[in-house]
Each structure stands twice: as C-alpha cells, then as structure tokens.
file start_38.txt (compact mmCIF, C-alpha atoms)
# COMPACT_ATOMS: atom_id res chain seq x y z
CA MET S 1439 -28.18 -74.66 20.86
CA SER S 1440 -25.87 -75.44 17.93
CA ARG S 1441 -26.90 -72.13 16.33
CA LEU S 1442 -26.11 -70.33 19.60
CA LYS S 1443 -22.66 -71.94 19.66
CA GLY S 1444 -22.09 -70.81 16.06
CA ILE S 1445 -23.08 -67.30 17.01
CA ALA S 1446 -20.67 -67.39 19.96
CA ARG S 1447 -17.82 -68.54 17.71
CA ILE S 1448 -18.53 -65.69 15.26
CA ALA S 1449 -18.63 -63.23 18.15
CA GLY S 1450 -15.27 -64.51 19.40
CA ARG S 1451 -13.69 -64.02 16.00
CA LEU S 1452 -15.10 -60.51 15.65
CA ALA S 1453 -14.34 -59.20 19.12
CA GLN S 1454 -12.59 -56.18 17.59
CA GLN S 1455 -15.92 -54.82 16.23
CA PRO S 1456 -17.85 -53.68 19.36
CA HIS S 1457 -20.95 -52.45 17.56
CA GLN S 1458 -21.55 -55.60 15.54
CA LEU S 1459 -20.58 -57.74 18.54
CA GLU S 1460 -23.20 -55.97 20.64
CA GLN S 1461 -25.82 -56.73 17.98
CA LEU S 1462 -24.78 -60.41 17.91
CA VAL S 1463 -24.91 -60.72 21.70
CA LEU S 1464 -28.31 -59.06 21.75
CA ALA S 1465 -29.60 -61.44 19.08
CA SER S 1466 -28.20 -64.45 20.95
CA ALA S 1467 -29.78 -63.32 24.18
CA ARG S 1468 -33.12 -62.88 22.49
CA LEU S 1469 -32.92 -66.34 20.93
CA GLU S 1470 -31.82 -67.98 24.16
CA SER S 1471 -34.38 -66.27 26.38
CA GLY S 1472 -37.20 -66.95 23.96
CA GLN S 1473 -38.14 -63.29 23.55
CA VAL S 1474 -38.81 -63.96 19.88
CA HIS S 1475 -42.49 -64.85 19.62
CA CYS S 1476 -43.71 -66.79 16.62
CA SER S 1477 -47.32 -66.85 15.51
CA SER S 1478 -46.76 -70.12 13.70
CA THR S 1479 -44.12 -72.70 12.97
CA TYR S 1480 -43.54 -71.25 9.51
CA SER S 1481 -43.11 -67.72 10.85
CA CYS S 1482 -40.74 -68.96 13.55
CA LEU S 1483 -38.59 -70.77 11.00
CA HIS S 1484 -38.68 -67.67 8.82
CA GLN S 1485 -37.45 -65.54 11.73
CA TRP S 1486 -34.68 -68.07 12.46
CA ARG S 1487 -33.60 -67.89 8.83
CA ASN S 1488 -33.68 -64.09 8.90
CA TYR S 1489 -31.52 -64.08 12.03
CA GLY S 1490 -29.13 -66.51 10.38
CA SER S 1491 -28.85 -64.49 7.16
CA THR S 1492 -28.48 -61.29 9.20
CA LEU S 1493 -25.65 -62.84 11.20
CA GLU S 1494 -23.91 -64.06 8.05
CA GLU S 1495 -24.23 -60.64 6.39
CA THR S 1496 -22.96 -58.97 9.56
CA HIS S 1497 -20.05 -61.40 9.66
CA LYS S 1498 -19.16 -60.71 6.03
CA GLU S 1499 -19.44 -56.95 6.54
CA MET S 1500 -17.26 -57.06 9.66
CA VAL S 1501 -14.66 -59.22 7.93
CA SER S 1502 -14.57 -56.97 4.86
CA ASN S 1503 -14.25 -53.87 7.07
CA SER S 1504 -11.64 -55.20 9.51
CA LEU S 1505 -9.51 -57.53 7.32
CA LEU S 1506 -7.70 -56.90 4.07
CA VAL S 1507 -8.57 -60.39 2.83
CA ASP S 1508 -10.94 -63.06 4.09
CA THR S 1509 -8.54 -66.01 4.39
CA LEU S 1510 -11.35 -68.44 5.16
CA GLN S 1511 -13.28 -67.48 2.05
CA LEU S 1512 -10.06 -67.48 0.05
CA THR S 1513 -9.18 -70.97 1.35
CA LYS S 1514 -12.64 -72.23 0.43
CA SER S 1515 -12.24 -70.75 -3.04
CA PHE S 1516 -8.90 -72.53 -3.49
CA GLU S 1517 -10.42 -75.80 -2.23
CA GLN S 1518 -13.29 -75.40 -4.67
CA SER S 1519 -10.70 -74.84 -7.42
CA GLY S 1520 -9.20 -78.27 -6.65
CA LEU S 1521 -6.34 -77.50 -4.24
CA PRO S 1522 -5.86 -79.57 -1.07
CA ARG S 1523 -6.88 -77.94 2.21
CA ASP S 1524 -3.31 -77.58 3.53
CA ALA S 1525 -2.08 -76.07 0.26
CA ALA S 1526 -5.10 -73.79 0.09
CA GLU S 1527 -4.55 -72.58 3.68
CA HIS S 1528 -0.80 -72.12 3.08
CA LEU S 1529 -1.44 -70.18 -0.15
CA ALA S 1530 -4.11 -68.05 1.55
CA GLN S 1531 -1.69 -67.28 4.42
CA LYS S 1532 1.06 -66.29 1.96
CA ILE S 1533 -1.32 -64.07 0.02
CA ALA S 1534 -2.60 -62.50 3.27
CA ALA S 1535 1.00 -61.92 4.48
CA LEU S 1536 1.92 -60.35 1.13
CA ILE S 1537 -1.15 -58.13 1.22
CA ILE S 1538 -0.41 -57.09 4.84
CA GLN S 1539 3.22 -56.36 3.90
CA ASN S 1540 2.09 -54.24 0.97
CA LYS S 1541 -0.37 -52.53 3.28
CA HIS S 1542 2.43 -51.65 5.71
CA LYS S 1543 4.55 -50.32 2.84
CA MET S 1544 1.65 -48.25 1.58
CA GLU S 1545 1.01 -46.96 5.10
CA ASP S 1546 4.69 -45.94 5.31
CA THR S 1547 4.53 -44.33 1.87
CA PHE S 1548 1.08 -42.78 1.85
CA VAL S 1549 -0.83 -40.96 4.52
CA LYS S 1550 -4.20 -42.05 5.78
CA GLN S 1551 -7.33 -40.21 4.73
CA VAL S 1552 -8.09 -39.22 8.32
CA VAL S 1553 -4.55 -37.91 8.87
CA LEU S 1554 -4.68 -36.12 5.52
CA GLU S 1555 -8.00 -34.49 6.35
CA LYS S 1556 -6.69 -33.58 9.80
CA SER S 1557 -3.54 -32.10 8.24
CA ILE S 1558 -5.65 -30.20 5.70
CA LEU S 1559 -7.83 -28.84 8.51
CA GLU S 1560 -4.73 -27.87 10.52
CA GLN S 1561 -3.18 -26.18 7.49
CA ALA S 1562 -6.47 -24.42 6.74
CA SER S 1563 -6.63 -23.30 10.37
CA LYS S 1564 -3.02 -22.08 10.21
CA ILE S 1565 -3.68 -20.31 6.92
CA GLN S 1566 -6.80 -18.71 8.37
CA GLY S 1567 -4.83 -17.66 11.45
CA PHE S 1568 -2.07 -16.29 9.22
CA LYS S 1569 -4.65 -14.42 7.15
CA THR S 1570 -6.17 -13.01 10.34
CA GLU S 1571 -2.77 -11.94 11.67
CA LEU S 1572 -1.85 -10.52 8.26
CA GLN S 1573 -5.13 -8.61 8.13
CA LYS S 1574 -4.52 -7.29 11.65
CA ALA S 1575 -0.98 -6.30 10.69
CA GLN S 1576 -2.27 -4.60 7.54
CA ASP S 1577 -4.96 -2.78 9.52
CA MET S 1578 -2.39 -1.69 12.11
CA HIS S 1579 0.03 -0.61 9.38
CA GLN S 1580 -2.78 1.26 7.61
CA ALA S 1581 -3.74 2.95 10.88
CA ASN S 1582 -0.10 3.93 11.48
CA MET S 1583 0.15 5.20 7.91
CA ASN S 1584 -3.02 7.25 8.38
CA LYS S 1585 -1.65 8.70 11.61
CA ASP S 1586 1.65 9.51 9.89
CA MET S 1587 -0.21 11.10 6.99
CA GLU S 1588 -2.33 13.17 9.36
CA ARG S 1589 0.78 14.22 11.28
CA GLN S 1590 2.60 15.09 8.06
CA GLN S 1591 -0.46 16.98 6.79
CA SER S 1592 -0.63 18.93 10.05
CA TYR S 1593 3.10 19.69 9.82
CA LEU S 1594 2.69 20.81 6.18
CA ASP S 1595 -0.24 23.05 7.12
CA LYS S 1596 1.84 24.56 9.91
CA MET S 1597 4.77 25.09 7.54
CA LYS S 1598 2.45 26.68 4.97
CA ALA S 1599 1.10 29.05 7.61
CA GLU S 1600 4.63 29.95 8.75
CA VAL S 1601 5.82 30.46 5.16
CA ARG S 1602 2.76 32.59 4.38
CA HIS S 1603 3.41 34.65 7.53
CA GLU S 1604 7.08 35.09 6.58
CA ILE S 1605 6.10 36.05 3.02
CA ASP S 1606 3.58 38.59 4.32
CA LYS S 1607 6.13 39.99 6.75
CA LEU S 1608 8.79 40.17 4.03
CA SER S 1609 6.32 41.80 1.64
CA ALA S 1610 5.38 44.36 4.29
CA SER S 1611 9.06 45.04 4.99
CA GLN S 1612 9.76 45.38 1.28
CA ARG S 1613 6.79 47.70 0.84
CA LEU S 1614 8.03 49.80 3.75
CA ASP S 1615 11.53 49.87 2.28
CA LEU S 1616 10.11 50.81 -1.11
CA ASN S 1617 8.03 53.58 0.41
CA LEU S 1618 11.05 54.87 2.31
CA GLU S 1619 13.15 54.65 -0.84
CA LYS S 1620 10.46 56.47 -2.80
CA GLY S 1621 10.36 59.19 -0.15
CA ARG S 1622 14.14 59.50 -0.17
CA MET S 1623 14.23 59.61 -3.97
CA ARG S 1624 11.42 62.18 -3.93
CA ASP S 1625 13.41 64.30 -1.48
CA ASP S 1626 16.55 63.90 -3.60
CA LEU S 1627 14.65 64.89 -6.74
CA GLN S 1628 13.17 67.89 -4.97
CA ALA S 1629 16.62 68.91 -3.76
CA MET S 1630 18.01 68.47 -7.27
CA ARG S 1631 15.08 70.45 -8.65
CA ASP S 1632 15.74 73.23 -6.12
CA LYS S 1633 19.43 73.24 -6.98
CA THR S 1634 18.60 73.32 -10.68
CA THR S 1635 16.23 76.24 -10.13
CA GLU S 1636 18.85 78.04 -8.08
CA LEU S 1637 21.50 77.42 -10.73
CA GLN S 1638 19.12 78.57 -13.44
CA ILE S 1639 18.40 81.75 -11.50
CA LYS S 1640 22.11 82.30 -10.96
CA VAL S 1641 22.85 81.68 -14.63
CA ASP S 1642 20.08 84.04 -15.64
CA ARG S 1643 21.47 86.66 -13.28
CA ASP S 1644 24.98 86.15 -14.62
CA ILE S 1645 23.67 86.36 -18.18
CA ASN S 1646 21.82 89.57 -17.36
CA GLU S 1647 24.92 90.99 -15.71
CA LEU S 1648 26.98 89.94 -18.72
CA LYS S 1649 24.45 91.52 -21.05
CA SER S 1650 24.58 94.71 -18.98
CA SER S 1651 28.38 94.66 -19.04
CA VAL S 1652 28.41 94.09 -22.80
CA GLU S 1653 25.86 96.84 -23.33
CA LYS S 1654 27.87 99.19 -21.14
CA ALA S 1655 31.09 98.28 -22.92
CA LYS S 1656 29.37 98.81 -26.27
CA ASN S 1657 28.13 102.20 -25.17
CA ASP S 1658 31.57 103.09 -23.87
CA THR S 1659 33.10 101.94 -27.14
CA ILE S 1660 30.60 103.94 -29.14
CA LYS S 1661 31.31 106.98 -26.99
CA SER S 1662 35.03 106.46 -27.41
CA VAL S 1663 34.66 106.08 -31.17
CA ILE S 1664 32.49 109.19 -31.35
CA THR S 1665 35.00 111.09 -29.24
CA ILE S 1666 37.86 109.90 -31.42
CA LEU S 1667 35.91 110.73 -34.57
CA GLY S 1668 35.12 114.19 -33.17
CA THR S 1669 38.75 114.69 -32.29
CA PHE S 1670 39.84 113.57 -35.74
CA SER S 1671 37.22 115.83 -37.30
CA ALA S 1672 38.42 118.80 -35.26
CA ILE S 1673 42.01 118.07 -36.16
CA ALA S 1674 41.09 117.70 -39.82
CA PHE S 1675 39.10 120.92 -39.71
CA THR S 1676 41.99 122.70 -38.06
CA ILE S 1677 44.43 121.34 -40.59
CA SER S 1678 42.15 122.35 -43.42
CA ARG S 1679 41.91 125.87 -42.01
CA PHE S 1680 45.61 126.04 -41.72
CA VAL S 1681 45.93 124.84 -45.28
CA GLN S 1682 43.42 127.40 -46.49
CA MET S 1683 45.15 130.14 -44.57
CA GLY S 1684 48.48 129.15 -46.01
CA ALA S 1685 47.10 129.19 -49.52
CA GLY S 1686 45.51 132.61 -49.07
CA GLY S 1687 48.62 134.24 -47.69

call {"tool": "encode", "arguments": {"input": "start_38.txt", "output": "structure tokens"}}
result
Amino acid sequence: MSRLKGIARIAGRLAQQPHQLEQLVLASARLESGQVHCSSTYSCLHQWRNYGSTLEETHKEMVSNSLLVDTLQLTKSFEQSGLPRDAAEHLAQKIAALIIQNKHKMEDTFVKQVVLEKSILEQASKIQGFKTELQKAQDMHQANMNKDMERQQSYLDKMKAEVRHEIDKLSASQRLDLNLEKGRMRDDLQAMRDKTTELQIKVDRDINELKSSVEKAKNDTIKSVITILGTFSAIAFTISRFVQMGAGG
C-alpha cells in the first residue's frame, strides 16, 4: 500500500503528462487488483522491482521533458554537498527562477522550433504559390505574345500581298505606258522619216531643176557667145574687105 501511495504522489506531481500518467494509473490498477501473477516469490519481487524502476525512470523522463531543472534533485545534490536543507531549497528555487527567467527571455528573443518549421512551411507554400502564379502569368503572357506574333505575321503577310499587288499593277501600268510611248515614238520617227524622204525628194527635184536651169543658161550663154563671135567675125571680115578695097583703089 505504501508503494501505491508513492505512485499516487508521483502521478499527482506529473498530472501535466497525460500519456505517462495513464501508464502510471494502469500500473497502479494492475498492482492493486492483483492482475500481476507471480510464479514464485522471487519472480514476484523481481516484477515489483521492475515496476519500481520503471516508475522511477518514467518520473525522471517526465521531469526532464516538462521542467527546465529538477529542483528536488538539485536540492538533494546541494544537501549532499553539505548545505542545509533550507539553504539548498532556497538556492534551488533561485536557480530555477533564474533559469525560467532566462527561458522567457530566450522565448521572447528566439522563435520555437515548431513555429519556425511552421513559418518555413508557410513561406515555402507562399513561394510555391507565387511560383505557380508567376508560371501562370508567364504562360498567359507567352500565349498573348504568340497571339500578337501570329496577328502581326498575318498583318505582314497581308501587307506583303497588297504591296506585291500594287507593284504588279504599277509594273503593268508602266509597261503599258512604255508600250504606248514606244508606239508614239515609232509614229513620230515614221513621220520624221516620211518628212525627211519628202524633203529629200523636193531637194532632189530642186537640184535637178537648178541643174536644168544652169544647163539652159550655159547653152544660152554659149549661143550668145557664138552669136557675138559670129557678129564680130562678120564685122571684121567686112572691115577687112573695106580695107582691101580701099587699098586696091
């Protein structure tokens, strides 16, 4: 019964640890109800010792997990070092208060591992969400760029077709104008050639008429000269006859 009371006191101190407390209550119930069967006195004592060591280890583990410092163990250590019980308890309380104060300062200064991991997970989730949104925005922007490129390419193809059509139309118009100009120049050259031929014929006719006039004038001159020479010859002959007649008389 004294062991059961000790177990109850330990359970009362460690009420903040539900899992270990449940194990202690279960062990107490088993001991009290006699559910632990022993094949012999030695085995029964061995089981009692195992339960006792298990409870002590559980108590130490719970104290180390829940408290920053085990004041009871610290007080016992001070008493073993030679300090009185009151001084040892007072010193243990001061040390525990100092440790708790430092713990509070560290909690105000540093973040807990759980909070840090939670913050890291939140930041990772936000970063992943940002990456997803950025990827969506990039995909949308790329799609818009592709649409704009396709629209610009279609517009350029249309402009090329229109420019090619205008060039072909202008070339055809220029060819038509050149053909018309060639025809007009051909007609002008033919007219000039006809005029030149007509002028050449007229000049040839005038030259022939001039030649005829010159030939006629030359013949008339020759006739006139012959007539004059004949007249002079007749006069000279007459004069010579008169001279001969005068000399004979």

call {"tool": "atom_distance", "arguments": {"input": "start_38.txt", "atom1": "CA of Ser1611 (chain S)", "atom2": "CA of Tyr1593 (chain S)"}}
result
26.5 Å

call {"tool": "atom_distance", "arguments": {"input": "start_38.txt", "atom1": "CA of Thr1513 (chain S)", "atom2": "CA of Ala1530 (chain S)"}}
result
5.9 Å

call {"tool": "atom_distance", "arguments": {"input": "start_38.txt", "atom1": "CA of Ala1534 (chain S)", "atom2": "CA of Phe1516 (chain S)"}}
result
13.6 Å

call {"tool": "axis_aligned_box", "arguments": {"input": "start_38.txt", "around": "region 1607-1612 of chain S", "padding_each_side": "3 Å", "output": "AutoDock Vina command-line options"}}
result
--center_x 7.6 --center_y 42.7 --center_z 4.0 --size_x 10.4 --size_y 11.4 --size_z 11.5

call {"tool": "decode", "arguments": {"input": "start_38.txt", "residues": "region 1600-1635 of chain S", "atoms": "C-alpha atoms", "output": "short mmCIF file (atom, residue, chain, number, x, y, z; two decimals), in the first residue's frame"}}
result
data_model
loop_
_atom_site.label_atom_id
_atom_site.label_comp_id
_atom_site.auth_asym_id
_atom_site.auth_seq_id
_atom_site.Cartn_x
_atom_site.Cartn_y
_atom_site.Cartn_z
CA GLU S 1600 -1.03 44.16 -101.07
CA VAL S 1601 2.43 45.58 -101.82
CA ARG S 1602 3.08 42.80 -104.35
CA HIS S 1603 -0.30 43.51 -105.97
CA GLU S 1604 0.45 47.25 -106.11
CA ILE S 1605 3.91 46.56 -107.55
CA ASP S 1606 2.44 44.25 -110.20
CA LYS S 1607 -0.23 46.81 -111.04
CA LEU S 1608 2.35 49.60 -111.22
CA SER S 1609 4.62 47.44 -113.36
CA ALA S 1610 1.75 46.64 -115.71
CA SER S 1611 0.84 50.33 -115.89
CA GLN S 1612 4.45 51.25 -116.56
CA ARG S 1613 4.74 48.57 -119.22
CA LEU S 1614 1.56 49.88 -120.84
CA ASP S 1615 2.88 53.43 -120.69
CA LEU S 1616 6.20 52.29 -122.14
CA ASN S 1617 4.45 50.44 -124.94
CA LEU S 1618 2.31 53.48 -125.68
CA GLU S 1619 5.38 55.70 -125.56
CA LYS S 1620 7.23 53.32 -127.87
CA GLY S 1621 4.29 53.37 -130.29
CA ARG S 1622 4.13 57.15 -130.19
CA MET S 1623 7.88 57.45 -130.69
CA ARG S 1624 7.67 54.93 -133.54
CA ASP S 1625 4.92 57.01 -135.15
CA ASP S 1626 6.95 60.19 -134.64
CA LEU S 1627 10.03 58.56 -136.16
CA GLN S 1628 7.99 57.31 -139.09
CA ALA S 1629 6.54 60.79 -139.59
CA MET S 1630 10.01 62.30 -139.38
CA ARG S 1631 11.28 59.67 -141.81
CA ASP S 1632 8.43 60.48 -144.21
CA LYS S 1633 9.14 64.20 -143.91
CA THR S 1634 12.84 63.57 -144.48
CA THR S 1635 12.06 61.49 -147.56
#
